[in-house]
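Colleague: Provided below: run-v4.cif, containing mmCIF, N, CA and C atoms and all ligand atoms.
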data_final
#
loop_
_atom_site.label_atom_id
_atom_site.label_comp_id
_atom_site.auth_asym_id
_atom_site.auth_seq_id
_atom_site.Cartn_x
_atom_site.Cartn_y
_atom_site.Cartn_z
N MET A 1186 55.47 -12.77 7.63
CA MET A 1186 54.88 -14.03 8.09
C MET A 1186 55.20 -15.12 7.06
N LYS A 1187 55.67 -16.25 7.59
CA LYS A 1187 56.05 -17.34 6.70
C LYS A 1187 55.46 -18.64 7.25
N VAL A 1188 54.93 -19.48 6.36
CA VAL A 1188 54.31 -20.72 6.78
C VAL A 1188 55.16 -21.90 6.34
N CYS A 1189 55.27 -22.87 7.24
CA CYS A 1189 55.98 -24.10 6.90
C CYS A 1189 55.07 -25.28 7.25
N ILE A 1190 54.92 -26.21 6.33
CA ILE A 1190 54.12 -27.42 6.56
C ILE A 1190 55.06 -28.61 6.65
N ASN A 1191 54.96 -29.32 7.76
CA ASN A 1191 55.74 -30.55 7.91
C ASN A 1191 54.95 -31.68 7.25
N LYS A 1192 55.31 -32.00 6.03
CA LYS A 1192 54.55 -32.98 5.26
C LYS A 1192 54.66 -34.39 5.83
N ASN A 1193 55.69 -34.64 6.61
CA ASN A 1193 55.82 -35.96 7.25
C ASN A 1193 54.79 -36.15 8.35
N ASP A 1194 54.39 -35.04 8.99
CA ASP A 1194 53.41 -35.12 10.07
C ASP A 1194 51.98 -34.98 9.56
N CYS A 1195 51.78 -34.27 8.45
CA CYS A 1195 50.43 -34.00 7.93
C CYS A 1195 49.68 -35.31 7.66
N ILE A 1196 48.41 -35.36 8.11
CA ILE A 1196 47.58 -36.55 7.88
C ILE A 1196 46.51 -36.28 6.82
N GLY A 1197 46.58 -35.12 6.17
CA GLY A 1197 45.67 -34.82 5.07
C GLY A 1197 44.23 -34.63 5.46
N CYS A 1198 43.99 -34.15 6.69
CA CYS A 1198 42.61 -34.03 7.17
C CYS A 1198 41.82 -32.93 6.44
N GLY A 1199 42.51 -31.95 5.88
CA GLY A 1199 41.84 -30.89 5.12
C GLY A 1199 41.40 -29.69 5.93
N LEU A 1200 41.63 -29.70 7.22
CA LEU A 1200 41.16 -28.59 8.07
C LEU A 1200 41.77 -27.26 7.62
N CYS A 1201 43.05 -27.26 7.36
CA CYS A 1201 43.71 -25.99 6.99
C CYS A 1201 43.12 -25.42 5.70
N ALA A 1202 42.82 -26.29 4.74
CA ALA A 1202 42.25 -25.84 3.47
C ALA A 1202 40.81 -25.36 3.67
N ASP A 1203 40.10 -25.94 4.63
CA ASP A 1203 38.75 -25.47 4.93
C ASP A 1203 38.78 -24.07 5.56
N ILE A 1204 39.75 -23.86 6.45
CA ILE A 1204 39.82 -22.59 7.17
C ILE A 1204 40.42 -21.49 6.29
N ALA A 1205 41.44 -21.81 5.53
CA ALA A 1205 42.12 -20.79 4.72
C ALA A 1205 42.39 -21.35 3.32
N PRO A 1206 41.32 -21.49 2.52
CA PRO A 1206 41.47 -22.14 1.21
C PRO A 1206 42.32 -21.35 0.22
N GLU A 1207 42.49 -20.06 0.49
CA GLU A 1207 43.32 -19.25 -0.42
C GLU A 1207 44.81 -19.47 -0.17
N VAL A 1208 45.11 -20.15 0.93
CA VAL A 1208 46.52 -20.34 1.30
C VAL A 1208 46.93 -21.82 1.32
N PHE A 1209 45.98 -22.70 1.66
CA PHE A 1209 46.32 -24.12 1.76
C PHE A 1209 45.47 -24.95 0.79
N GLU A 1210 46.08 -26.01 0.32
CA GLU A 1210 45.38 -26.97 -0.53
C GLU A 1210 45.83 -28.36 -0.10
N VAL A 1211 44.89 -29.30 -0.08
CA VAL A 1211 45.28 -30.68 0.23
C VAL A 1211 45.20 -31.48 -1.06
N ASP A 1212 46.32 -32.07 -1.40
CA ASP A 1212 46.41 -32.81 -2.66
C ASP A 1212 47.25 -34.06 -2.42
N GLY A 1213 46.76 -35.18 -2.80
CA GLY A 1213 47.52 -36.41 -2.64
C GLY A 1213 47.78 -36.79 -1.20
N GLY A 1214 46.88 -36.35 -0.30
CA GLY A 1214 46.99 -36.76 1.09
C GLY A 1214 47.84 -35.88 1.97
N THR A 1215 48.42 -34.82 1.39
CA THR A 1215 49.16 -33.89 2.25
C THR A 1215 48.82 -32.46 1.85
N ALA A 1216 49.01 -31.57 2.81
CA ALA A 1216 48.70 -30.17 2.57
C ALA A 1216 49.86 -29.49 1.84
N ALA A 1217 49.49 -28.50 1.04
CA ALA A 1217 50.49 -27.69 0.36
C ALA A 1217 50.18 -26.23 0.59
N TYR A 1218 51.21 -25.45 0.56
CA TYR A 1218 51.08 -24.02 0.70
C TYR A 1218 50.97 -23.43 -0.70
N ILE A 1219 49.83 -22.82 -1.00
CA ILE A 1219 49.61 -22.41 -2.38
C ILE A 1219 49.45 -20.90 -2.56
N GLY A 1220 49.29 -20.17 -1.47
CA GLY A 1220 48.97 -18.75 -1.67
C GLY A 1220 49.76 -17.82 -0.80
N GLU A 1221 49.61 -16.56 -1.06
CA GLU A 1221 50.29 -15.51 -0.30
C GLU A 1221 49.57 -15.23 1.00
N ILE A 1222 50.33 -14.95 2.04
CA ILE A 1222 49.74 -14.50 3.29
C ILE A 1222 49.63 -12.99 3.23
N THR A 1223 48.43 -12.51 3.47
CA THR A 1223 48.18 -11.07 3.42
C THR A 1223 47.60 -10.62 4.76
N ASP A 1224 47.50 -9.31 4.92
CA ASP A 1224 46.88 -8.79 6.14
C ASP A 1224 45.45 -9.32 6.29
N LYS A 1225 44.80 -9.55 5.15
CA LYS A 1225 43.41 -9.98 5.16
C LYS A 1225 43.25 -11.43 5.63
N ASN A 1226 44.19 -12.30 5.28
CA ASN A 1226 43.99 -13.72 5.62
C ASN A 1226 44.91 -14.23 6.73
N LYS A 1227 45.73 -13.37 7.31
CA LYS A 1227 46.68 -13.92 8.28
C LYS A 1227 46.02 -14.47 9.53
N ILE A 1228 44.83 -13.97 9.90
CA ILE A 1228 44.15 -14.52 11.05
C ILE A 1228 43.66 -15.94 10.74
N SER A 1229 43.13 -16.15 9.55
CA SER A 1229 42.67 -17.51 9.22
C SER A 1229 43.85 -18.46 9.08
N VAL A 1230 45.00 -17.97 8.61
CA VAL A 1230 46.19 -18.81 8.52
C VAL A 1230 46.65 -19.22 9.92
N THR A 1231 46.61 -18.27 10.85
CA THR A 1231 46.97 -18.58 12.24
C THR A 1231 45.98 -19.57 12.84
N ASP A 1232 44.68 -19.39 12.54
CA ASP A 1232 43.67 -20.33 13.03
C ASP A 1232 43.92 -21.73 12.47
N ALA A 1233 44.31 -21.81 11.21
CA ALA A 1233 44.58 -23.11 10.59
C ALA A 1233 45.78 -23.77 11.28
N ALA A 1234 46.81 -22.99 11.56
CA ALA A 1234 47.99 -23.55 12.24
C ALA A 1234 47.61 -24.02 13.64
N ASP A 1235 46.83 -23.22 14.35
CA ASP A 1235 46.43 -23.58 15.71
C ASP A 1235 45.51 -24.81 15.70
N GLY A 1236 44.72 -24.94 14.64
CA GLY A 1236 43.74 -26.04 14.59
C GLY A 1236 44.27 -27.33 14.02
N CYS A 1237 45.42 -27.31 13.40
CA CYS A 1237 45.98 -28.53 12.81
C CYS A 1237 46.11 -29.60 13.91
N PRO A 1238 45.45 -30.75 13.73
CA PRO A 1238 45.42 -31.74 14.81
C PRO A 1238 46.77 -32.37 15.12
N VAL A 1239 47.71 -32.26 14.21
CA VAL A 1239 49.03 -32.88 14.46
C VAL A 1239 50.13 -31.83 14.55
N GLY A 1240 49.74 -30.56 14.58
CA GLY A 1240 50.74 -29.50 14.73
C GLY A 1240 51.73 -29.43 13.58
N ALA A 1241 51.25 -29.71 12.36
CA ALA A 1241 52.16 -29.76 11.22
C ALA A 1241 52.45 -28.40 10.59
N ILE A 1242 51.69 -27.38 11.02
CA ILE A 1242 51.86 -26.06 10.43
C ILE A 1242 52.58 -25.15 11.42
N SER A 1243 53.67 -24.61 11.01
CA SER A 1243 54.36 -23.63 11.86
C SER A 1243 54.43 -22.29 11.14
N ILE A 1244 54.41 -21.24 11.94
CA ILE A 1244 54.40 -19.88 11.40
C ILE A 1244 55.57 -19.11 11.98
N GLU A 1245 56.29 -18.46 11.10
CA GLU A 1245 57.36 -17.56 11.54
C GLU A 1245 56.92 -16.15 11.23
N GLU A 1246 57.10 -15.27 12.20
CA GLU A 1246 56.72 -13.87 11.98
C GLU A 1246 57.77 -13.16 11.16
S1 LIG B 1 45.30 -29.28 9.12
FE1 LIG B 1 47.36 -30.17 9.44
S2 LIG B 1 47.06 -32.37 9.17
FE2 LIG B 1 45.26 -31.38 8.32
S3 LIG B 1 45.72 -31.17 6.11
FE3 LIG B 1 46.35 -29.25 7.13
S4 LIG B 1 48.54 -29.53 7.63
FE4 LIG B 1 47.67 -31.56 7.19
#
Output the file's structure in the form of structure tokens.

Modeller:
Amino acid sequence: MKVCINKNDCIGCGLCADIAPEVFEVDGGTAAYIGEITDKNKISVTDAADGCPVGAISIEE
């Protein structure tokens, strides 16, 4: 599983960091990918991608 954040689309709302704080961080108005995706957090990472209001998070299996 691989995560990609389109920083041009990100509006810095912080939702992804709220849902999966071990994987996402919002700094300077855009989200960053900061952590490893594990079996334990992959559901919350998927929820964060699904919940992103601008569709800036994409996931590759
Ligand atoms: S949920 Fe989407 S728009 Fe909001 S901070 Fe994360 S990547 Fe950016």

Colleague: Give the residues close to ligand LIG 1 (chain B), within 7 Å, counting only C-alpha atoms and all ligand atoms; write them as a PyMOL selection string.

Modeller: chain A and resi 1190+1194-1202+1211+1215-1216+1233+1236-1242

Colleague: Residues as selected, N, CA and C atoms, written as a compact mmCIF listing (two decimals), in the frame of the given file, can you do that?

Modeller:
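Saved the output as part-v7.txt:
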# COMPACT_ATOMS: atom_id res chain seq x y z
N ILE A 1190 54.92 -26.21 6.33
CA ILE A 1190 54.12 -27.42 6.56
C ILE A 1190 55.06 -28.61 6.65
N ASP A 1194 54.39 -35.04 8.99
CA ASP A 1194 53.41 -35.12 10.07
C ASP A 1194 51.98 -34.98 9.56
N CYS A 1195 51.78 -34.27 8.45
CA CYS A 1195 50.43 -34.00 7.93
C CYS A 1195 49.68 -35.31 7.66
N ILE A 1196 48.41 -35.36 8.11
CA ILE A 1196 47.58 -36.55 7.88
C ILE A 1196 46.51 -36.28 6.82
N GLY A 1197 46.58 -35.12 6.17
CA GLY A 1197 45.67 -34.82 5.07
C GLY A 1197 44.23 -34.63 5.46
N CYS A 1198 43.99 -34.15 6.69
CA CYS A 1198 42.61 -34.03 7.17
C CYS A 1198 41.82 -32.93 6.44
N GLY A 1199 42.51 -31.95 5.88
CA GLY A 1199 41.84 -30.89 5.12
C GLY A 1199 41.40 -29.69 5.93
N LEU A 1200 41.63 -29.70 7.22
CA LEU A 1200 41.16 -28.59 8.07
C LEU A 1200 41.77 -27.26 7.62
N CYS A 1201 43.05 -27.26 7.36
CA CYS A 1201 43.71 -25.99 6.99
C CYS A 1201 43.12 -25.42 5.70
N ALA A 1202 42.82 -26.29 4.74
CA ALA A 1202 42.25 -25.84 3.47
C ALA A 1202 40.81 -25.36 3.67
N VAL A 1211 44.89 -29.30 -0.08
CA VAL A 1211 45.28 -30.68 0.23
C VAL A 1211 45.20 -31.48 -1.06
N THR A 1215 48.42 -34.82 1.39
CA THR A 1215 49.16 -33.89 2.25
C THR A 1215 48.82 -32.46 1.85
N ALA A 1216 49.01 -31.57 2.81
CA ALA A 1216 48.70 -30.17 2.57
C ALA A 1216 49.86 -29.49 1.84
N ALA A 1233 44.31 -21.81 11.21
CA ALA A 1233 44.58 -23.11 10.59
C ALA A 1233 45.78 -23.77 11.28
N GLY A 1236 44.72 -24.94 14.64
CA GLY A 1236 43.74 -26.04 14.59
C GLY A 1236 44.27 -27.33 14.02
N CYS A 1237 45.42 -27.31 13.40
CA CYS A 1237 45.98 -28.53 12.81
C CYS A 1237 46.11 -29.60 13.91
N PRO A 1238 45.45 -30.75 13.73
CA PRO A 1238 45.42 -31.74 14.81
C PRO A 1238 46.77 -32.37 15.12
N VAL A 1239 47.71 -32.26 14.21
CA VAL A 1239 49.03 -32.88 14.46
C VAL A 1239 50.13 -31.83 14.55
N GLY A 1240 49.74 -30.56 14.58
CA GLY A 1240 50.74 -29.50 14.73
C GLY A 1240 51.73 -29.43 13.58
N ALA A 1241 51.25 -29.71 12.36
CA ALA A 1241 52.16 -29.76 11.22
C ALA A 1241 52.45 -28.40 10.59
N ILE A 1242 51.69 -27.38 11.02
CA ILE A 1242 51.86 -26.06 10.43
C ILE A 1242 52.58 -25.15 11.42

Colleague: Expressed in Å to a single decimal, how great is the separation between atom CA of A:Pro1206 and atom CA of A:Val1188?

Modeller: 14.1 Å

Colleague: How many Å separate atom C of A:Gly1220 from atom N of A:Glu1207?

Modeller: 7.7 Å

Colleague: Going by DSSP on the backbone, which residues of chain A come out as strand (DSSP E)? List them as a list in words.

Modeller: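 Restricting chain A to strand (DSSP E) produces Lys1187, Val1188, Cys1189, Ile1190, Phe1209, Glu1210, Val1211, Asp1212, Thr1215, Ala1216, Ala1217, Tyr1218, Ile1242, Ser1243, Ile1244 and Glu1245 of chain A.
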
Colleague: Have a look at atom N of A:Gly1213 and atom N of A:Asn1226 and let me know their distance in Å, one decimal.

Modeller: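 Interatomic distance here is 24.4 Å.
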
Colleague: Tell me, as a ChimeraX atom specification, which residues lie within 7 Å of A:Val1208, counting only C-alpha atoms; anything in the same chain fewer than 2 positions away does not count.

Modeller: /A:1205-1206,1210,1218-1222

Colleague: Among the residues of chain A, find those DSSP assigns to alpha helix (DSSP H) from the backbone and print them as number ranges by chain.

Modeller: A: 1200-1204, 1227-1236

Colleague: Ranking A:Ile1204, A:Phe1209, A:Glu1246, A:Ala1217 by minimum distance to A:Ser1229 and counting only N, CA and C atoms, which one comes first?

Modeller: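 Of A:Ile1204, A:Phe1209, A:Glu1246, A:Ala1217, the one nearest A:Ser1229, counting only N, CA and C atoms, is A:Ile1204.
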
Colleague: Might I get the box with edges along x, y and z of the file that holds all atoms of stretch 1221-1227 of chain A listed there, padded by 5 Å on every side, given as centre and edge lengths in Å to one decimal, as AutoDock Vina command-line options?

Modeller:
--center_x 46.8 --center_y -12.7 --center_z 4.2 --size_x 17.1 --size_y 17.8 --size_z 20.6
